[in-house]
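Here is input_9.cif, consisting of mmCIF, N, CA and C atoms and all ligand atoms:
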```cif
data_upload
loop_
_atom_site.label_atom_id
_atom_site.label_comp_id
_atom_site.auth_asym_id
_atom_site.auth_seq_id
_atom_site.Cartn_x
_atom_site.Cartn_y
_atom_site.Cartn_z
N MET A 1 -82.42 -21.17 -27.09
CA MET A 1 -83.62 -21.87 -26.66
C MET A 1 -83.24 -23.13 -25.85
N ARG A 2 -82.22 -23.87 -26.37
CA ARG A 2 -81.78 -25.07 -25.65
C ARG A 2 -81.29 -24.72 -24.25
N PHE A 3 -80.54 -23.61 -24.17
CA PHE A 3 -80.03 -23.17 -22.86
C PHE A 3 -81.19 -22.86 -21.93
N HIS A 4 -82.23 -22.17 -22.44
CA HIS A 4 -83.36 -21.79 -21.60
C HIS A 4 -84.17 -23.00 -21.16
N VAL A 5 -84.30 -24.02 -22.04
CA VAL A 5 -84.99 -25.26 -21.65
C VAL A 5 -84.19 -25.94 -20.53
N GLY A 6 -82.87 -25.99 -20.68
CA GLY A 6 -82.02 -26.59 -19.65
C GLY A 6 -82.13 -25.86 -18.33
N ALA A 7 -82.16 -24.52 -18.40
CA ALA A 7 -82.28 -23.72 -17.16
C ALA A 7 -83.62 -23.99 -16.48
N ALA A 8 -84.69 -24.14 -17.28
CA ALA A 8 -86.02 -24.40 -16.70
C ALA A 8 -86.04 -25.77 -16.03
N ILE A 9 -85.41 -26.77 -16.66
CA ILE A 9 -85.37 -28.11 -16.06
C ILE A 9 -84.57 -28.07 -14.75
N ALA A 10 -83.45 -27.34 -14.75
CA ALA A 10 -82.64 -27.22 -13.54
C ALA A 10 -83.43 -26.53 -12.43
N ALA A 11 -84.19 -25.47 -12.78
CA ALA A 11 -84.98 -24.74 -11.77
C ALA A 11 -86.08 -25.65 -11.21
N ALA A 12 -86.71 -26.45 -12.10
CA ALA A 12 -87.77 -27.36 -11.64
C ALA A 12 -87.19 -28.43 -10.72
N ALA A 13 -86.02 -28.96 -11.07
CA ALA A 13 -85.38 -29.97 -10.23
C ALA A 13 -85.04 -29.39 -8.86
N ALA A 14 -84.53 -28.15 -8.85
CA ALA A 14 -84.21 -27.48 -7.57
C ALA A 14 -85.48 -27.25 -6.76
N GLY A 15 -86.56 -26.87 -7.45
CA GLY A 15 -87.83 -26.65 -6.76
C GLY A 15 -88.35 -27.90 -6.09
N ILE A 16 -88.24 -29.04 -6.78
CA ILE A 16 -88.68 -30.32 -6.21
C ILE A 16 -87.79 -30.68 -5.02
N TRP A 17 -86.47 -30.55 -5.23
CA TRP A 17 -85.50 -30.91 -4.18
C TRP A 17 -85.72 -30.05 -2.93
N LEU A 18 -85.97 -28.75 -3.13
CA LEU A 18 -86.11 -27.83 -1.99
C LEU A 18 -87.54 -27.75 -1.47
N ARG A 19 -88.46 -28.49 -2.13
CA ARG A 19 -89.88 -28.51 -1.73
C ARG A 19 -90.45 -27.10 -1.58
N ILE A 20 -90.32 -26.30 -2.63
CA ILE A 20 -90.83 -24.93 -2.55
C ILE A 20 -92.36 -24.95 -2.53
N PRO A 21 -92.98 -23.92 -1.94
CA PRO A 21 -94.45 -23.89 -1.85
C PRO A 21 -95.11 -23.56 -3.20
N ALA A 22 -96.44 -23.68 -3.24
CA ALA A 22 -97.19 -23.49 -4.50
C ALA A 22 -96.94 -22.10 -5.10
N GLY A 23 -96.84 -21.07 -4.22
CA GLY A 23 -96.60 -19.71 -4.72
C GLY A 23 -95.29 -19.62 -5.48
N GLY A 24 -94.27 -20.32 -5.00
CA GLY A 24 -92.98 -20.35 -5.67
C GLY A 24 -93.08 -20.98 -7.05
N TRP A 25 -93.86 -22.06 -7.14
CA TRP A 25 -94.04 -22.73 -8.45
C TRP A 25 -94.74 -21.80 -9.43
N LEU A 26 -95.70 -21.00 -8.92
CA LEU A 26 -96.39 -20.06 -9.81
C LEU A 26 -95.42 -19.03 -10.39
N TRP A 27 -94.55 -18.47 -9.54
CA TRP A 27 -93.57 -17.48 -10.02
C TRP A 27 -92.57 -18.11 -10.97
N LEU A 28 -92.09 -19.32 -10.63
CA LEU A 28 -91.15 -20.00 -11.53
C LEU A 28 -91.81 -20.27 -12.88
N GLY A 29 -93.05 -20.75 -12.84
CA GLY A 29 -93.78 -21.04 -14.08
C GLY A 29 -93.98 -19.79 -14.92
N ALA A 30 -94.32 -18.67 -14.26
CA ALA A 30 -94.52 -17.41 -14.99
C ALA A 30 -93.22 -16.96 -15.64
N ALA A 31 -92.12 -17.09 -14.89
CA ALA A 31 -90.82 -16.65 -15.42
C ALA A 31 -90.39 -17.52 -16.61
N VAL A 32 -90.55 -18.84 -16.47
CA VAL A 32 -90.17 -19.76 -17.56
C VAL A 32 -91.04 -19.49 -18.79
N SER A 33 -92.34 -19.29 -18.57
CA SER A 33 -93.25 -19.00 -19.70
C SER A 33 -92.83 -17.72 -20.41
N ALA A 34 -92.48 -16.69 -19.64
CA ALA A 34 -92.08 -15.41 -20.24
C ALA A 34 -90.82 -15.60 -21.10
N VAL A 35 -89.85 -16.37 -20.59
CA VAL A 35 -88.60 -16.57 -21.35
C VAL A 35 -88.88 -17.35 -22.62
N TRP A 36 -89.62 -18.46 -22.52
CA TRP A 36 -89.89 -19.29 -23.72
C TRP A 36 -90.72 -18.51 -24.74
N THR A 37 -91.70 -17.73 -24.24
CA THR A 37 -92.54 -16.97 -25.16
C THR A 37 -91.72 -15.93 -25.92
N THR A 38 -90.90 -15.16 -25.19
CA THR A 38 -90.10 -14.13 -25.87
C THR A 38 -89.06 -14.77 -26.80
N GLU A 39 -88.53 -15.93 -26.38
CA GLU A 39 -87.55 -16.63 -27.24
C GLU A 39 -88.20 -17.06 -28.55
N LEU A 40 -89.41 -17.58 -28.50
CA LEU A 40 -90.12 -18.00 -29.72
C LEU A 40 -90.45 -16.79 -30.60
N ILE A 41 -90.88 -15.68 -29.96
CA ILE A 41 -91.18 -14.47 -30.73
C ILE A 41 -89.90 -13.93 -31.36
N ASN A 42 -88.79 -13.98 -30.61
CA ASN A 42 -87.49 -13.53 -31.15
C ASN A 42 -87.12 -14.34 -32.39
N THR A 43 -87.30 -15.65 -32.31
CA THR A 43 -86.99 -16.51 -33.47
C THR A 43 -87.88 -16.14 -34.65
N ALA A 44 -89.17 -15.91 -34.38
CA ALA A 44 -90.10 -15.54 -35.45
C ALA A 44 -89.68 -14.22 -36.09
N VAL A 45 -89.28 -13.23 -35.27
CA VAL A 45 -88.84 -11.93 -35.80
C VAL A 45 -87.59 -12.11 -36.66
N GLU A 46 -86.61 -12.89 -36.15
CA GLU A 46 -85.37 -13.11 -36.91
C GLU A 46 -85.65 -13.73 -38.27
N ARG A 47 -86.48 -14.77 -38.28
CA ARG A 47 -86.79 -15.45 -39.55
C ARG A 47 -87.53 -14.52 -40.50
N THR A 48 -88.48 -13.75 -39.96
CA THR A 48 -89.27 -12.85 -40.81
C THR A 48 -88.39 -11.76 -41.41
N VAL A 49 -87.51 -11.19 -40.57
CA VAL A 49 -86.61 -10.13 -41.06
C VAL A 49 -85.68 -10.70 -42.13
N ASP A 50 -85.13 -11.90 -41.89
CA ASP A 50 -84.23 -12.51 -42.89
C ASP A 50 -84.97 -12.76 -44.20
N LEU A 51 -86.25 -13.14 -44.10
CA LEU A 51 -87.04 -13.38 -45.30
C LEU A 51 -87.33 -12.07 -46.03
N ALA A 52 -87.60 -11.01 -45.26
CA ALA A 52 -87.99 -9.72 -45.87
C ALA A 52 -86.81 -9.00 -46.48
N THR A 53 -85.66 -9.04 -45.82
CA THR A 53 -84.50 -8.30 -46.31
C THR A 53 -83.21 -9.07 -46.11
N PRO A 54 -82.70 -9.69 -47.17
CA PRO A 54 -81.43 -10.43 -47.05
C PRO A 54 -80.25 -9.48 -46.84
N GLU A 55 -80.39 -8.16 -47.25
CA GLU A 55 -79.26 -7.22 -47.07
C GLU A 55 -79.28 -6.63 -45.66
N ARG A 56 -78.18 -5.95 -45.32
CA ARG A 56 -78.12 -5.22 -44.06
C ARG A 56 -79.01 -3.98 -44.16
N HIS A 57 -79.76 -3.73 -43.11
CA HIS A 57 -80.63 -2.54 -43.10
C HIS A 57 -80.81 -2.09 -41.66
N PRO A 58 -80.76 -0.77 -41.40
CA PRO A 58 -80.90 -0.29 -40.01
C PRO A 58 -82.21 -0.72 -39.36
N LEU A 59 -83.29 -0.80 -40.15
CA LEU A 59 -84.58 -1.22 -39.57
C LEU A 59 -84.56 -2.71 -39.21
N ALA A 60 -83.86 -3.51 -40.04
CA ALA A 60 -83.72 -4.94 -39.73
C ALA A 60 -82.95 -5.10 -38.42
N LYS A 61 -81.88 -4.31 -38.29
CA LYS A 61 -81.09 -4.35 -37.04
C LYS A 61 -81.96 -3.94 -35.85
N ALA A 62 -82.74 -2.86 -36.01
CA ALA A 62 -83.59 -2.38 -34.92
C ALA A 62 -84.61 -3.45 -34.50
N ALA A 63 -85.21 -4.12 -35.51
CA ALA A 63 -86.21 -5.15 -35.21
C ALA A 63 -85.59 -6.32 -34.46
N LYS A 64 -84.44 -6.80 -34.96
CA LYS A 64 -83.78 -7.95 -34.31
C LYS A 64 -83.28 -7.59 -32.92
N ASP A 65 -82.72 -6.38 -32.77
CA ASP A 65 -82.19 -5.99 -31.46
C ASP A 65 -83.33 -5.81 -30.45
N ALA A 66 -84.48 -5.29 -30.89
CA ALA A 66 -85.62 -5.13 -29.98
C ALA A 66 -86.13 -6.49 -29.53
N ALA A 67 -86.22 -7.44 -30.47
CA ALA A 67 -86.71 -8.78 -30.12
C ALA A 67 -85.74 -9.48 -29.16
N ALA A 68 -84.43 -9.31 -29.44
CA ALA A 68 -83.43 -9.91 -28.54
C ALA A 68 -83.48 -9.23 -27.17
N GLY A 69 -83.77 -7.92 -27.15
CA GLY A 69 -83.89 -7.20 -25.87
C GLY A 69 -85.04 -7.74 -25.04
N ALA A 70 -86.14 -8.12 -25.71
CA ALA A 70 -87.28 -8.68 -24.98
C ALA A 70 -86.88 -9.98 -24.28
N VAL A 71 -86.07 -10.80 -24.95
CA VAL A 71 -85.60 -12.04 -24.33
C VAL A 71 -84.72 -11.72 -23.12
N LEU A 72 -83.88 -10.70 -23.27
CA LEU A 72 -82.98 -10.32 -22.18
C LEU A 72 -83.78 -9.87 -20.95
N VAL A 73 -84.83 -9.08 -21.18
CA VAL A 73 -85.67 -8.61 -20.06
C VAL A 73 -86.31 -9.80 -19.35
N ALA A 74 -86.89 -10.72 -20.15
CA ALA A 74 -87.56 -11.89 -19.56
C ALA A 74 -86.55 -12.78 -18.82
N ALA A 75 -85.36 -12.95 -19.41
CA ALA A 75 -84.35 -13.80 -18.77
C ALA A 75 -83.85 -13.17 -17.47
N SER A 76 -83.72 -11.84 -17.44
CA SER A 76 -83.29 -11.16 -16.22
C SER A 76 -84.35 -11.34 -15.12
N PHE A 77 -85.63 -11.22 -15.51
CA PHE A 77 -86.72 -11.44 -14.55
C PHE A 77 -86.67 -12.88 -14.03
N ALA A 78 -86.38 -13.84 -14.91
CA ALA A 78 -86.33 -15.25 -14.49
C ALA A 78 -85.20 -15.48 -13.48
N VAL A 79 -84.06 -14.83 -13.70
CA VAL A 79 -82.95 -14.96 -12.74
C VAL A 79 -83.37 -14.39 -11.38
N PHE A 80 -84.03 -13.23 -11.42
CA PHE A 80 -84.50 -12.60 -10.18
C PHE A 80 -85.49 -13.52 -9.44
N VAL A 81 -86.45 -14.07 -10.19
CA VAL A 81 -87.44 -14.98 -9.57
C VAL A 81 -86.73 -16.21 -9.00
N GLY A 82 -85.78 -16.76 -9.75
CA GLY A 82 -85.05 -17.94 -9.27
C GLY A 82 -84.35 -17.65 -7.95
N LEU A 83 -83.73 -16.47 -7.85
CA LEU A 83 -83.03 -16.11 -6.61
C LEU A 83 -84.01 -15.95 -5.45
N VAL A 84 -85.12 -15.23 -5.70
CA VAL A 84 -86.09 -14.96 -4.62
C VAL A 84 -86.75 -16.25 -4.14
N VAL A 85 -87.06 -17.16 -5.09
CA VAL A 85 -87.82 -18.37 -4.74
C VAL A 85 -86.91 -19.48 -4.21
N LEU A 86 -85.72 -19.62 -4.81
CA LEU A 86 -84.88 -20.79 -4.47
C LEU A 86 -83.81 -20.50 -3.42
N ALA A 87 -83.33 -19.26 -3.35
CA ALA A 87 -82.21 -18.97 -2.45
C ALA A 87 -82.58 -19.17 -0.96
N PRO A 88 -83.74 -18.66 -0.48
CA PRO A 88 -84.03 -18.83 0.95
C PRO A 88 -84.11 -20.30 1.41
N PRO A 89 -84.87 -21.19 0.71
CA PRO A 89 -84.87 -22.58 1.16
C PRO A 89 -83.51 -23.26 1.02
N LEU A 90 -82.71 -22.83 0.01
CA LEU A 90 -81.38 -23.41 -0.15
C LEU A 90 -80.49 -23.01 1.03
N CYS A 91 -80.57 -21.73 1.43
CA CYS A 91 -79.77 -21.26 2.57
C CYS A 91 -80.19 -21.99 3.85
N ARG A 92 -81.51 -22.17 4.03
CA ARG A 92 -81.99 -22.88 5.24
C ARG A 92 -81.46 -24.31 5.25
N LEU A 93 -81.45 -24.94 4.08
CA LEU A 93 -80.99 -26.33 3.99
C LEU A 93 -79.50 -26.43 4.30
N LEU A 94 -78.71 -25.46 3.78
CA LEU A 94 -77.27 -25.52 3.92
C LEU A 94 -76.79 -25.05 5.29
N PHE A 95 -77.43 -23.97 5.80
CA PHE A 95 -76.91 -23.35 7.02
C PHE A 95 -77.86 -23.49 8.23
N GLY A 96 -78.94 -24.22 8.04
CA GLY A 96 -79.86 -24.46 9.17
C GLY A 96 -80.86 -23.42 9.32
N1 LIG A 101 -80.33 -7.63 -42.02
C1 LIG A 101 -79.65 -7.04 -41.02
N2 LIG A 101 -79.35 -5.73 -41.08
C2 LIG A 101 -78.67 -5.11 -40.09
N3 LIG A 101 -78.24 -5.72 -38.96
C3 LIG A 101 -78.50 -7.03 -38.83
C4 LIG A 101 -79.21 -7.76 -39.84
N4 LIG A 101 -79.33 -9.05 -39.44
C5 LIG A 101 -78.73 -9.09 -38.23
N5 LIG A 101 -78.24 -7.91 -37.86
C6 LIG A 101 -77.52 -7.58 -36.61
O1 LIG A 101 -76.71 -8.69 -36.25
C7 LIG A 101 -77.14 -9.22 -35.00
C8 LIG A 101 -77.13 -10.74 -35.06
O2 LIG A 101 -78.06 -11.15 -36.06
P1 LIG A 101 -78.55 -12.66 -36.19
O3 LIG A 101 -79.56 -12.77 -37.26
O4 LIG A 101 -77.35 -13.57 -36.28
O5 LIG A 101 -79.24 -12.79 -34.78
P2 LIG A 101 -78.90 -13.80 -33.66
O6 LIG A 101 -79.64 -13.33 -32.47
O7 LIG A 101 -77.43 -13.96 -33.50
O8 LIG A 101 -79.56 -15.10 -34.34
P3 LIG A 101 -79.48 -16.61 -33.86
O9 LIG A 101 -80.24 -16.69 -32.58
O10 LIG A 101 -80.15 -17.34 -35.01
O11 LIG A 101 -78.00 -16.94 -33.72
C9 LIG A 101 -78.57 -8.67 -34.78
O12 LIG A 101 -78.86 -8.54 -33.41
C10 LIG A 101 -78.48 -7.33 -35.47
O13 LIG A 101 -77.91 -6.36 -34.59
#
```

Please, can you express the file's structure as structure tokens?
Amino acid sequence: MRFHVGAAIAAAAAGIWLRIPAGGWLWLGAAVSAVWTTELINTAVERTVDLATPERHPLAKAAKDAAAGAVLVAASFAVFVGLVVLAPPLCRLLFG
């Protein structure tokens, strides 16, 4: 979660620096929201599973792995959005 908060702050700082348009902010906001939401749900699933079954169980593993997979999907989308929104203005700034 700390890593994802740091990544969101870095993306926002880059957005301000590169003066991205309103549409870019909407996509960045959607991506950050998706990552934070899935991260919070993942934490809730982990805590609930640990509370329900302290022992190892295949269903506990399936639940935790599915929740972690949701975070991975959202984080991959966020990387894609970051590249699409931030890379073009960064290239223009660096290479004219
Ligand atoms: N009770 C369990 N039974 C079977 N497998 C489990 C169980 N608890 C965890 N695992 C497996 O171990 C992996 C790591 O579990 P853990 O609870 O440490 O999750 P984590 O994502 O590393 O948590 P955290 O974000 O708190 O570090 C899970 O993804 C799952 O595959």

Give me, as CSV, each residue of chain A that comes within 6 Å of ligand LIG 101 (chain A), together with its shortest interatomic pair and the distance in Å at one decimal, counting only N, CA and C atoms and all ligand atoms, with rows ordered by chain and rising residue number.
```
residue,atom,partner,partner_atom,distance
A:Glu46,CA,A:LIG101,O3,5.8
A:Thr53,C,A:LIG101,N1,5.2
A:Pro54,C,A:LIG101,N1,5.2
A:Glu55,C,A:LIG101,N1,3.9
A:Arg56,CA,A:LIG101,N2,3.3
A:His57,N,A:LIG101,N2,2.9
A:Pro58,N,A:LIG101,C2,5.0
A:Ala60,C,A:LIG101,N2,4.5
A:Lys61,CA,A:LIG101,N3,3.7
A:Lys64,C,A:LIG101,O12,4.5
A:Asp65,N,A:LIG101,O12,4.5
```

Would you compute the box with edges along x, y and z of the file around stretch 86-93 of chain A, including every atom the file lists for it and 8 Å extra on each side, and give its centre and edge lengths in Å to one decimal, as JSON?
```
{"center_x": -82.6, "center_y": -22.5, "center_z": 0.2, "size_x": 22.2, "size_y": 23.8, "size_z": 26.1}
```

Which residue out of A:Leu86, A:Ile9, A:Leu93, A:Ala67 has the minimum interatomic distance to A:Glu39 when all atoms listed in the file are used?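 Distance minimum relative to A:Glu39 lands on A:Ala67.
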
Out of A:Val5, A:Ala34, A:Leu28, A:Leu51, which residue has the shortest atom-to-atom distance to A:Ala75 when counting all atoms listed in the file?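 Closest residue, counting all atoms listed in the file: A:Ala34.
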
Ranking A:Gly6, A:Pro89, A:Gly15, A:Gly69 by minimum distance to A:Asn42 and counting only C-alpha atoms, which one comes first?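 The answer is A:Gly69, which sits nearest to A:Asn42.
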
Just the number, please: distance in Å from atom N of A:Ala13 to atom C of A:Ile41, one decimal.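 The value is 25.5 Å.
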
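Counting all atoms listed in the file, the residue from A:Gly82, A:Thr43, A:Trp17, A:Cys91 that sits nearest to A:Ala68 is A:Thr43.
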
So, counting only C-alpha atoms, which residue among A:Val45, A:Val35, A:Val84, A:Ala52 is closest to A:Ala66? A:Val45

Take the structure in the block and write a file for stretch 12-30 of chain A, N, CA and C atoms, as a CSV table (one decimal), in the first residue's frame.
```csv
chain,number,residue,atom,x,y,z
A,12,ALA,N,1.3,12.0,-9.9
A,12,ALA,CA,0.7,13.3,-9.8
A,12,ALA,C,1.7,14.4,-10.0
A,13,ALA,N,2.9,14.2,-9.4
A,13,ALA,CA,3.9,15.2,-9.5
A,13,ALA,C,4.4,15.3,-11.0
A,14,ALA,N,4.5,14.2,-11.7
A,14,ALA,CA,4.8,14.2,-13.1
A,14,ALA,C,3.7,14.9,-13.9
A,15,GLY,N,2.5,14.6,-13.5
A,15,GLY,CA,1.3,15.2,-14.3
A,15,GLY,C,1.4,16.7,-14.2
A,16,ILE,N,1.7,17.2,-13.0
A,16,ILE,CA,1.7,18.7,-12.8
A,16,ILE,C,2.9,19.3,-13.6
A,17,TRP,N,4.1,18.6,-13.4
A,17,TRP,CA,5.3,19.0,-14.1
A,17,TRP,C,5.1,19.1,-15.7
A,18,LEU,N,4.4,18.0,-16.2
A,18,LEU,CA,4.2,17.9,-17.6
A,18,LEU,C,3.0,18.6,-18.1
A,19,ARG,N,2.2,19.2,-17.2
A,19,ARG,CA,1.0,19.9,-17.5
A,19,ARG,C,0.0,19.1,-18.4
A,20,ILE,N,-0.3,17.9,-17.9
A,20,ILE,CA,-1.1,17.0,-18.7
A,20,ILE,C,-2.6,17.6,-18.8
A,21,PRO,N,-3.3,17.3,-19.8
A,21,PRO,CA,-4.7,17.8,-19.9
A,21,PRO,C,-5.7,17.1,-19.0
A,22,ALA,N,-6.9,17.7,-18.9
A,22,ALA,CA,-7.9,17.2,-17.9
A,22,ALA,C,-8.2,15.7,-18.2
A,23,GLY,N,-8.2,15.3,-19.4
A,23,GLY,CA,-8.5,13.9,-19.7
A,23,GLY,C,-7.5,12.9,-19.1
A,24,GLY,N,-6.2,13.4,-19.2
A,24,GLY,CA,-5.1,12.6,-18.6
A,24,GLY,C,-5.3,12.4,-17.1
A,25,TRP,N,-5.7,13.5,-16.4
A,25,TRP,CA,-6.0,13.5,-15.0
A,25,TRP,C,-7.1,12.5,-14.6
A,26,LEU,N,-8.1,12.4,-15.5
A,26,LEU,CA,-9.2,11.5,-15.3
A,26,LEU,C,-8.7,10.1,-15.3
A,27,TRP,N,-7.9,9.7,-16.3
A,27,TRP,CA,-7.4,8.4,-16.5
A,27,TRP,C,-6.4,8.0,-15.3
A,28,LEU,N,-5.6,9.0,-14.9
A,28,LEU,CA,-4.6,8.7,-13.8
A,28,LEU,C,-5.4,8.5,-12.5
A,29,GLY,N,-6.5,9.4,-12.3
A,29,GLY,CA,-7.3,9.2,-11.1
A,29,GLY,C,-8.0,7.9,-11.1
A,30,ALA,N,-8.5,7.5,-12.2
A,30,ALA,CA,-9.2,6.2,-12.3
A,30,ALA,C,-8.3,5.0,-12.0
```
